[in-house]
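For reference, the structure is listed below as structure tokens.
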Amino acid sequence: MKIVEKISIEELKTLSEKMYEPLVKAVVDVERRVLVVDAGLHSDEELYLLEQGSSQQDLWGVNFWPDEYGTDNFVEFDSMINLRPGQGNRSRGVDDEAVRNLILQIVSEKMDV
């Protein structure tokens, strides 16, 4: 598990080889603009960021599909950590379009292409 300053598609593809599907789980802290990758569960990445001083309300789980880079399918908004009825998010996705767009912006900043 690691915090990403920059990451390449090639590195994401290598990380995805550890998974049962060709994807990489990631958690984004939208307040601190931090991205963590390389864990089997979003909850492990969430805990890691909480221990680093993040607030749970700012953490969102996504999946990267490296073979889909450049398409709308590259970032998948699907994680159990996103279920937050108290915060108005009633799905495993990210229901707020502004938050989704912010996540996409942060991910774009972290890509080394």
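Labels used: A, B, ... for chains in the order of the structure tokens, numbers from 1 for residues in each chain, and numbers from 1 for ligands as shown.
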Could you pull the residues within 12 Å of A:Asp44, counting only C-alpha atoms, minus those fewer than 3 positions along the same chain, as a PyMOL selection string? chain A and resi 1-2+25-27+36-41+47-51+59+61+79-81
So which residues touch A:Asn63 within 7 Å, counting only C-alpha atoms, skipping near sequence neighbours fewer than 4 positions away, as a count of residues only? 8
Just checking: using only C-alpha atoms, which residue out of A:Glu68, A:Leu83, A:Ser108, A:Ile103 ends up closest to A:Lys13?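 Counting only C-alpha atoms, the residue closest to A:Lys13 is A:Glu68.
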Secondary structure check, strand (DSSP E) residues of chain A, as a PDB file with all heavy atoms, in the first residue's frame:
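Once everything was written out, this is result.pdb:
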ATOM      1  N   LYS A   2       0.511   2.217  -0.820  1.00  0.00           N
ATOM      2  CA  LYS A   2       1.350   3.411  -0.847  1.00  0.00           C
ATOM      3  C   LYS A   2       0.569   4.639  -1.269  1.00  0.00           C
ATOM      4  O   LYS A   2      -0.423   4.546  -1.990  1.00  0.00           O
ATOM      5  CB  LYS A   2       2.527   3.215  -1.785  1.00  0.00           C
ATOM      6  CG  LYS A   2       2.165   3.095  -3.246  1.00  0.00           C
ATOM      7  CD  LYS A   2       3.420   2.940  -4.066  1.00  0.00           C
ATOM      8  CE  LYS A   2       3.097   2.961  -5.536  1.00  0.00           C
ATOM      9  NZ  LYS A   2       4.285   2.979  -6.355  1.00  0.00           N
ATOM     10  N   ILE A   3       1.041   5.774  -0.794  1.00  0.00           N
ATOM     11  CA  ILE A   3       0.517   7.066  -1.235  1.00  0.00           C
ATOM     12  C   ILE A   3       1.198   7.393  -2.552  1.00  0.00           C
ATOM     13  O   ILE A   3       2.406   7.241  -2.698  1.00  0.00           O
ATOM     14  CB  ILE A   3       0.778   8.164  -0.191  1.00  0.00           C
ATOM     15  CG1 ILE A   3      -0.040   7.874   1.071  1.00  0.00           C
ATOM     16  CG2 ILE A   3       0.457   9.541  -0.752  1.00  0.00           C
ATOM     17  CD1 ILE A   3       0.162   8.851   2.197  1.00  0.00           C
ATOM     18  N   VAL A  24      -7.173  -2.121  -9.916  1.00  0.00           N
ATOM     19  CA  VAL A  24      -6.421  -1.649  -8.760  1.00  0.00           C
ATOM     20  C   VAL A  24      -7.385  -0.882  -7.868  1.00  0.00           C
ATOM     21  O   VAL A  24      -8.048   0.053  -8.333  1.00  0.00           O
ATOM     22  CB  VAL A  24      -5.244  -0.735  -9.181  1.00  0.00           C
ATOM     23  CG1 VAL A  24      -4.537  -0.156  -7.964  1.00  0.00           C
ATOM     24  CG2 VAL A  24      -4.278  -1.486 -10.076  1.00  0.00           C
ATOM     25  N   LYS A  25      -7.467  -1.279  -6.618  1.00  0.00           N
ATOM     26  CA  LYS A  25      -8.307  -0.554  -5.664  1.00  0.00           C
ATOM     27  C   LYS A  25      -7.550   0.677  -5.180  1.00  0.00           C
ATOM     28  O   LYS A  25      -6.335   0.638  -5.001  1.00  0.00           O
ATOM     29  CB  LYS A  25      -8.673  -1.456  -4.493  1.00  0.00           C
ATOM     30  CG  LYS A  25      -9.581  -2.602  -4.908  1.00  0.00           C
ATOM     31  CD  LYS A  25      -9.996  -3.434  -3.736  1.00  0.00           C
ATOM     32  CE  LYS A  25     -10.866  -4.589  -4.176  1.00  0.00           C
ATOM     33  NZ  LYS A  25     -12.212  -4.215  -4.514  1.00  0.00           N
ATOM     34  N   ALA A  26      -8.288   1.758  -4.981  1.00  0.00           N
ATOM     35  CA  ALA A  26      -7.681   3.011  -4.538  1.00  0.00           C
ATOM     36  C   ALA A  26      -8.659   3.763  -3.649  1.00  0.00           C
ATOM     37  O   ALA A  26      -9.873   3.571  -3.740  1.00  0.00           O
ATOM     38  CB  ALA A  26      -7.301   3.870  -5.740  1.00  0.00           C
ATOM     39  N   VAL A  27      -8.108   4.613  -2.787  1.00  0.00           N
ATOM     40  CA  VAL A  27      -8.915   5.521  -1.981  1.00  0.00           C
ATOM     41  C   VAL A  27      -8.356   6.920  -2.167  1.00  0.00           C
ATOM     42  O   VAL A  27      -7.139   7.131  -2.138  1.00  0.00           O
ATOM     43  CB  VAL A  27      -8.933   5.116  -0.489  1.00  0.00           C
ATOM     44  CG1 VAL A  27      -9.607   6.191   0.360  1.00  0.00           C
ATOM     45  CG2 VAL A  27      -9.656   3.782  -0.316  1.00  0.00           C
ATOM     46  N   VAL A  28      -9.278   7.862  -2.377  1.00  0.00           N
ATOM     47  CA  VAL A  28      -8.922   9.264  -2.585  1.00  0.00           C
ATOM     48  C   VAL A  28      -9.412  10.082  -1.402  1.00  0.00           C
ATOM     49  O   VAL A  28     -10.568   9.966  -0.998  1.00  0.00           O
ATOM     50  CB  VAL A  28      -9.563   9.801  -3.887  1.00  0.00           C
ATOM     51  CG1 VAL A  28      -9.221  11.269  -4.094  1.00  0.00           C
ATOM     52  CG2 VAL A  28      -9.143   8.966  -5.091  1.00  0.00           C
ATOM     53  N   ASP A  29      -8.520  10.897  -0.851  1.00  0.00           N
ATOM     54  CA  ASP A  29      -8.887  11.886   0.159  1.00  0.00           C
ATOM     55  C   ASP A  29      -9.099  13.192  -0.607  1.00  0.00           C
ATOM     56  O   ASP A  29      -8.144  13.808  -1.079  1.00  0.00           O
ATOM     57  CB  ASP A  29      -7.775  12.036   1.198  1.00  0.00           C
ATOM     58  CG  ASP A  29      -8.089  13.069   2.268  1.00  0.00           C
ATOM     59  OD1 ASP A  29      -8.827  14.049   1.983  1.00  0.00           O
ATOM     60  OD2 ASP A  29      -7.580  12.925   3.387  1.00  0.00           O
ATOM     61  N   VAL A  34      -5.037  13.352  -1.676  1.00  0.00           N
ATOM     62  CA  VAL A  34      -4.128  12.224  -1.511  1.00  0.00           C
ATOM     63  C   VAL A  34      -4.770  10.995  -2.144  1.00  0.00           C
ATOM     64  O   VAL A  34      -5.978  10.787  -2.025  1.00  0.00           O
ATOM     65  CB  VAL A  34      -3.832  11.971  -0.019  1.00  0.00           C
ATOM     66  CG1 VAL A  34      -3.025  10.707   0.178  1.00  0.00           C
ATOM     67  CG2 VAL A  34      -3.113  13.166   0.590  1.00  0.00           C
ATOM     68  N   LEU A  35      -3.929  10.177  -2.778  1.00  0.00           N
ATOM     69  CA  LEU A  35      -4.377   8.943  -3.409  1.00  0.00           C
ATOM     70  C   LEU A  35      -3.540   7.785  -2.874  1.00  0.00           C
ATOM     71  O   LEU A  35      -2.307   7.863  -2.870  1.00  0.00           O
ATOM     72  CB  LEU A  35      -4.214   9.041  -4.930  1.00  0.00           C
ATOM     73  CG  LEU A  35      -4.435   7.779  -5.750  1.00  0.00           C
ATOM     74  CD1 LEU A  35      -5.895   7.343  -5.689  1.00  0.00           C
ATOM     75  CD2 LEU A  35      -4.007   8.018  -7.195  1.00  0.00           C
ATOM     76  N   VAL A  36      -4.221   6.720  -2.417  1.00  0.00           N
ATOM     77  CA  VAL A  36      -3.550   5.511  -1.954  1.00  0.00           C
ATOM     78  C   VAL A  36      -3.979   4.355  -2.852  1.00  0.00           C
ATOM     79  O   VAL A  36      -5.157   4.227  -3.190  1.00  0.00           O
ATOM     80  CB  VAL A  36      -3.912   5.196  -0.484  1.00  0.00           C
ATOM     81  CG1 VAL A  36      -3.417   3.826  -0.074  1.00  0.00           C
ATOM     82  CG2 VAL A  36      -3.324   6.225   0.427  1.00  0.00           C
ATOM     83  N   VAL A  37      -3.002   3.521  -3.238  1.00  0.00           N
ATOM     84  CA  VAL A  37      -3.271   2.341  -4.065  1.00  0.00           C
ATOM     85  C   VAL A  37      -2.584   1.124  -3.465  1.00  0.00           C
ATOM     86  O   VAL A  37      -1.775   1.245  -2.552  1.00  0.00           O
ATOM     87  CB  VAL A  37      -2.771   2.527  -5.520  1.00  0.00           C
ATOM     88  CG1 VAL A  37      -3.483   3.680  -6.211  1.00  0.00           C
ATOM     89  CG2 VAL A  37      -1.264   2.716  -5.573  1.00  0.00           C
ATOM     90  N   LEU A  59     -12.971  10.528   2.422  1.00  0.00           N
ATOM     91  CA  LEU A  59     -12.375   9.364   1.767  1.00  0.00           C
ATOM     92  C   LEU A  59     -13.385   8.640   0.889  1.00  0.00           C
ATOM     93  O   LEU A  59     -14.494   8.325   1.335  1.00  0.00           O
ATOM     94  CB  LEU A  59     -11.817   8.404   2.813  1.00  0.00           C
ATOM     95  CG  LEU A  59     -10.770   8.984   3.751  1.00  0.00           C
ATOM     96  CD1 LEU A  59     -10.308   7.929   4.740  1.00  0.00           C
ATOM     97  CD2 LEU A  59      -9.598   9.570   2.984  1.00  0.00           C
ATOM     98  N   TRP A  60     -12.981   8.372  -0.335  1.00  0.00           N
ATOM     99  CA  TRP A  60     -13.848   7.715  -1.311  1.00  0.00           C
ATOM    100  C   TRP A  60     -13.085   6.606  -2.019  1.00  0.00           C
ATOM    101  O   TRP A  60     -11.960   6.811  -2.466  1.00  0.00           O
ATOM    102  CB  TRP A  60     -14.362   8.733  -2.332  1.00  0.00           C
ATOM    103  CG  TRP A  60     -15.188   9.798  -1.681  1.00  0.00           C
ATOM    104  CD1 TRP A  60     -14.765  11.020  -1.245  1.00  0.00           C
ATOM    105  CD2 TRP A  60     -16.569   9.709  -1.340  1.00  0.00           C
ATOM    106  NE1 TRP A  60     -15.800  11.689  -0.655  1.00  0.00           N
ATOM    107  CE2 TRP A  60     -16.933  10.914  -0.702  1.00  0.00           C
ATOM    108  CE3 TRP A  60     -17.536   8.725  -1.506  1.00  0.00           C
ATOM    109  CZ2 TRP A  60     -18.212  11.166  -0.240  1.00  0.00           C
ATOM    110  CZ3 TRP A  60     -18.825   8.979  -1.055  1.00  0.00           C
ATOM    111  CH2 TRP A  60     -19.154  10.184  -0.427  1.00  0.00           C
ATOM    112  N   GLY A  61     -13.722   5.440  -2.114  1.00  0.00           N
ATOM    113  CA  GLY A  61     -13.104   4.294  -2.761  1.00  0.00           C
ATOM    114  C   GLY A  61     -13.453   4.221  -4.236  1.00  0.00           C
ATOM    115  O   GLY A  61     -14.607   4.451  -4.629  1.00  0.00           O
ATOM    116  N   VAL A  62     -12.444   3.908  -5.038  1.00  0.00           N
ATOM    117  CA  VAL A  62     -12.617   3.732  -6.485  1.00  0.00           C
ATOM    118  C   VAL A  62     -11.788   2.531  -6.934  1.00  0.00           C
ATOM    119  O   VAL A  62     -10.929   2.044  -6.203  1.00  0.00           O
ATOM    120  CB  VAL A  62     -12.192   4.980  -7.291  1.00  0.00           C
ATOM    121  CG1 VAL A  62     -13.041   6.195  -6.924  1.00  0.00           C
ATOM    122  CG2 VAL A  62     -10.710   5.289  -7.112  1.00  0.00           C
ATOM    123  N   ASN A  63     -12.054   2.091  -8.130  1.00  0.00           N
ATOM    124  CA  ASN A  63     -11.245   1.063  -8.775  1.00  0.00           C
ATOM    125  C   ASN A  63     -10.698   1.638 -10.069  1.00  0.00           C
ATOM    126  O   ASN A  63     -11.401   2.359 -10.777  1.00  0.00           O
ATOM    127  CB  ASN A  63     -12.086  -0.172  -9.107  1.00  0.00           C
ATOM    128  CG  ASN A  63     -12.661  -0.815  -7.871  1.00  0.00           C
ATOM    129  OD1 ASN A  63     -11.968  -0.997  -6.890  1.00  0.00           O
ATOM    130  ND2 ASN A  63     -13.936  -1.151  -7.917  1.00  0.00           N
ATOM    131  N   PHE A  64      -9.455   1.309 -10.370  1.00  0.00           N
ATOM    132  CA  PHE A  64      -8.851   1.668 -11.650  1.00  0.00           C
ATOM    133  C   PHE A  64      -8.780   0.407 -12.504  1.00  0.00           C
ATOM    134  O   PHE A  64      -8.325  -0.643 -12.031  1.00  0.00           O
ATOM    135  CB  PHE A  64      -7.429   2.212 -11.475  1.00  0.00           C
ATOM    136  CG  PHE A  64      -7.341   3.473 -10.683  1.00  0.00           C
ATOM    137  CD1 PHE A  64      -6.358   3.627  -9.718  1.00  0.00           C
ATOM    138  CD2 PHE A  64      -8.226   4.516 -10.882  1.00  0.00           C
ATOM    139  CE1 PHE A  64      -6.265   4.789  -8.978  1.00  0.00           C
ATOM    140  CE2 PHE A  64      -8.137   5.691 -10.140  1.00  0.00           C
ATOM    141  CZ  PHE A  64      -7.149   5.820  -9.188  1.00  0.00           C
ATOM    142  N   VAL A  75     -11.954   4.741 -14.374  1.00  0.00           N
ATOM    143  CA  VAL A  75     -12.250   4.917 -12.943  1.00  0.00           C
ATOM    144  C   VAL A  75     -13.663   4.413 -12.690  1.00  0.00           C
ATOM    145  O   VAL A  75     -14.617   4.890 -13.301  1.00  0.00           O
ATOM    146  CB  VAL A  75     -12.139   6.395 -12.512  1.00  0.00           C
ATOM    147  CG1 VAL A  75     -12.499   6.557 -11.038  1.00  0.00           C
ATOM    148  CG2 VAL A  75     -10.739   6.939 -12.785  1.00  0.00           C
ATOM    149  N   GLU A  76     -13.761   3.454 -11.776  1.00  0.00           N
ATOM    150  CA  GLU A  76     -15.054   2.906 -11.389  1.00  0.00           C
ATOM    151  C   GLU A  76     -15.350   3.355  -9.955  1.00  0.00           C
ATOM    152  O   GLU A  76     -14.542   3.127  -9.050  1.00  0.00           O
ATOM    153  CB  GLU A  76     -15.002   1.384 -11.466  1.00  0.00           C
ATOM    154  CG  GLU A  76     -16.255   0.692 -10.994  1.00  0.00           C
ATOM    155  CD  GLU A  76     -16.116  -0.816 -11.024  1.00  0.00           C
ATOM    156  OE1 GLU A  76     -15.030  -1.345 -10.677  1.00  0.00           O
ATOM    157  OE2 GLU A  76     -17.100  -1.462 -11.398  1.00  0.00           O
TER     158      GLU A  76
END
Based on the backbone DSSP call, show me all residues of stretch 59-103 of chain A assigned helix (DSSP H, G or I), as a PyMOL selection string. chain A and resi 66-68+80-82+85-87+97-103
Can I get the selected residues back with N, CA and C atoms, as a PDB file, in the first residue's frame?
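As a result, selection01.pdb now contains:
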ATOM      1  N   PRO A  66      -6.762  -0.442 -15.510  1.00  0.00           N
ATOM      2  CA  PRO A  66      -5.666   0.076 -16.344  1.00  0.00           C
ATOM      3  C   PRO A  66      -5.838  -0.131 -17.844  1.00  0.00           C
ATOM      4  N   ASP A  67      -6.429  -1.251 -18.234  1.00  0.00           N
ATOM      5  CA  ASP A  67      -6.618  -1.501 -19.668  1.00  0.00           C
ATOM      6  C   ASP A  67      -7.651  -0.563 -20.288  1.00  0.00           C
ATOM      7  N   GLU A  68      -8.395   0.147 -19.450  1.00  0.00           N
ATOM      8  CA  GLU A  68      -9.435   1.071 -19.924  1.00  0.00           C
ATOM      9  C   GLU A  68      -8.986   2.532 -19.865  1.00  0.00           C
ATOM     10  N   MET A  80     -17.529  -0.395  -0.892  1.00  0.00           N
ATOM     11  CA  MET A  80     -18.357  -0.451   0.322  1.00  0.00           C
ATOM     12  C   MET A  80     -18.102   0.751   1.235  1.00  0.00           C
ATOM     13  N   ILE A  81     -16.896   1.309   1.207  1.00  0.00           N
ATOM     14  CA  ILE A  81     -16.622   2.445   2.104  1.00  0.00           C
ATOM     15  C   ILE A  81     -17.408   3.685   1.697  1.00  0.00           C
ATOM     16  N   ASN A  82     -17.976   3.675   0.485  1.00  0.00           N
ATOM     17  CA  ASN A  82     -18.748   4.829   0.020  1.00  0.00           C
ATOM     18  C   ASN A  82     -20.177   4.843   0.554  1.00  0.00           C
ATOM     19  N   PRO A  85     -25.153   6.722   4.342  1.00  0.00           N
ATOM     20  CA  PRO A  85     -26.466   7.367   4.362  1.00  0.00           C
ATOM     21  C   PRO A  85     -26.471   8.677   5.144  1.00  0.00           C
ATOM     22  N   GLY A  86     -25.724   8.730   6.242  1.00  0.00           N
ATOM     23  CA  GLY A  86     -25.662   9.944   7.057  1.00  0.00           C
ATOM     24  C   GLY A  86     -25.030  11.115   6.335  1.00  0.00           C
ATOM     25  N   GLN A  87     -24.265  10.820   5.316  1.00  0.00           N
ATOM     26  CA  GLN A  87     -23.606  11.849   4.518  1.00  0.00           C
ATOM     27  C   GLN A  87     -24.343  12.048   3.190  1.00  0.00           C
ATOM     28  N   GLU A  97     -22.279  14.500  -7.919  1.00  0.00           N
ATOM     29  CA  GLU A  97     -21.518  14.739  -9.150  1.00  0.00           C
ATOM     30  C   GLU A  97     -20.292  15.614  -8.912  1.00  0.00           C
ATOM     31  N   ALA A  98     -20.392  16.591  -8.038  1.00  0.00           N
ATOM     32  CA  ALA A  98     -19.251  17.465  -7.753  1.00  0.00           C
ATOM     33  C   ALA A  98     -18.114  16.674  -7.103  1.00  0.00           C
ATOM     34  N   VAL A  99     -18.440  15.755  -6.222  1.00  0.00           N
ATOM     35  CA  VAL A  99     -17.421  14.920  -5.588  1.00  0.00           C
ATOM     36  C   VAL A  99     -16.803  13.980  -6.618  1.00  0.00           C
ATOM     37  N   ARG A 100     -17.631  13.380  -7.475  1.00  0.00           N
ATOM     38  CA  ARG A 100     -17.098  12.518  -8.541  1.00  0.00           C
ATOM     39  C   ARG A 100     -16.124  13.296  -9.421  1.00  0.00           C
ATOM     40  N   ASN A 101     -16.498  14.498  -9.803  1.00  0.00           N
ATOM     41  CA  ASN A 101     -15.626  15.318 -10.651  1.00  0.00           C
ATOM     42  C   ASN A 101     -14.324  15.678  -9.937  1.00  0.00           C
ATOM     43  N   LEU A 102     -14.398  15.952  -8.641  1.00  0.00           N
ATOM     44  CA  LEU A 102     -13.199  16.253  -7.870  1.00  0.00           C
ATOM     45  C   LEU A 102     -12.287  15.030  -7.815  1.00  0.00           C
ATOM     46  N   ILE A 103     -12.858  13.858  -7.598  1.00  0.00           N
ATOM     47  CA  ILE A 103     -12.072  12.620  -7.595  1.00  0.00           C
ATOM     48  C   ILE A 103     -11.381  12.436  -8.941  1.00  0.00           C
TER      49      ILE A 103
END
Here atom CA of A:Ile106 and atom CA of A:Val30 stand apart by 7.6 Å
